[in-house]
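Here is the structure we will look at.
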Amino acid sequence: MRIGEMGRRAKVTPRTIRHYEQLGLLPRGQREGNGQHRYPEEAILRLKKIEDLKALGLSLAEIGSVIELYFAEPDEMNAKTQVLTILRQHLAEANHRMAGLERFRSDLTANIARFERWLGARDRHKEDEHD
């Protein structure tokens with residue numbers, strides 16, 4: 001099949017397909033005599049797997065590290081184990097960022113309270129001067 005048909009069936013653009021080819025995520029199609037590329041049916045499965053992995057939150061580089069494993073073994077155990085490791089790393093990073101944001105939030109709250117106290121004391125001092 002040609003790139004346009006493959007894109008329609010996999011619900012991606014031809015530009016995306018070419019990008020994945022450049023990154024090595026998808027093998028290049030075989031050139032026909034007229035210069036157009038033809039792709040085997042398996043390419044659609046590969047495109048769909050790439051999109052599924054993106055939906056899990058994997059980067060294209062991470063997908064590149066596991067995509068071959070999905071097509072090397074029928075049970076996909078090594079691929080799924082690798083993806084699980086990556087997802088656990090993402091969770092650890094998210095937890096680390098959230099802890100940092102909580103510290104930042106706490107600091108902001110403390111600074112706001114400090115400024116409010118300072119401004120309140122200043123306003124009370126001005127009122128006392130006018131009495």
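Residue names in the structure tokens use chain letters A, B, ... in the order shown, residue numbers from 1 in each chain, and ligand numbers from 1 in the order shown.
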
**Study point:** alpha helix (DSSP H) per DSSP on the backbone: members of chain A, as a ChimeraX atom specification
**Key:** /A:3-10,14-23,42-55,60-72,77-130

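Going from CA of Ile86 in chain A to CA of Leu69 in chain A covers 14.1 Å.
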
Tell me which protein, DNA and RNA residues are within 12 Å of range 88-95 of chain A, counting only C-alpha atoms, leaving out same-chain ones fewer than 4 positions away, and put them as a tab-separated table (two decimals) with N, CA and C atoms, in the first residue's frame.
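File part22.tsv, as written:
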```tsv
chain	number	residue	atom	x	y	z
A	56	LEU	N	0.57	6.21	26.02
A	56	LEU	CA	0.99	5.86	27.38
A	56	LEU	C	1.92	6.91	27.98
A	57	GLY	N	2.40	7.82	27.13
A	57	GLY	CA	3.30	8.87	27.62
A	57	GLY	C	4.76	8.65	27.28
A	58	LEU	N	5.06	7.65	26.46
A	58	LEU	CA	6.45	7.42	26.08
A	58	LEU	C	6.87	8.44	25.03
A	59	SER	N	8.11	8.88	25.13
A	59	SER	CA	8.67	9.77	24.11
A	59	SER	C	9.03	8.93	22.89
A	62	GLU	N	12.04	6.87	23.64
A	62	GLU	CA	11.71	5.69	24.44
A	62	GLU	C	11.02	4.63	23.58
A	81	THR	N	7.81	-5.55	29.65
A	81	THR	CA	8.66	-5.34	30.83
A	81	THR	C	9.43	-4.04	30.71
A	82	GLN	N	9.95	-3.78	29.51
A	82	GLN	CA	10.68	-2.52	29.28
A	82	GLN	C	9.76	-1.32	29.42
A	83	VAL	N	8.57	-1.41	28.87
A	83	VAL	CA	7.60	-0.31	28.97
A	83	VAL	C	7.23	-0.07	30.43
A	84	LEU	N	7.03	-1.14	31.18
A	84	LEU	CA	6.72	-1.01	32.60
A	84	LEU	C	7.85	-0.27	33.33
A	99	ALA	N	6.67	16.88	44.45
A	99	ALA	CA	7.26	17.25	45.75
A	99	ALA	C	7.89	18.64	45.66
A	100	GLY	N	8.58	18.90	44.55
A	100	GLY	CA	9.16	20.22	44.34
A	100	GLY	C	8.10	21.30	44.25
A	101	LEU	N	7.00	21.01	43.57
A	101	LEU	CA	5.90	21.97	43.47
A	101	LEU	C	5.23	22.20	44.83
A	102	GLU	N	5.13	21.16	45.63
A	102	GLU	CA	4.57	21.31	46.98
A	102	GLU	C	5.45	22.22	47.82
```

Exercise for review: Find the spatial neighbours of Met1 in chain A, counting only C-alpha atoms, within a cut-off of 12 Å - ignore same-chain residues fewer than 2 positions away - and output them as an NGL selection string.
Suggested key: :A and (3-9 or 29-32 or 36-44)

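Interatomic distance, CA of Arg103 in chain A against CA of Arg117 in chain A: 21.1 Å.
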
Practice item. Write out as a PyMOL selection string each polymer residue whose atoms come within 12 Å of Ile63 in chain A, counting only C-alpha atoms; drop sequence neighbours fewer than 3 positions from it. Key: chain A and resi 20+23-26+46-47+49-60+66-70+79-80+82-83+86-87

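Using only C-alpha atoms, the shortest contact distance between Gln22 in chain A and any of A:Gly64, A:Asp128, A:Glu73, A:Ala10 is found at A:Gly64.
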
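Across the structure, CA of Thr16 in chain A and CA of Lys48 in chain A are spaced 12.2 Å apart.
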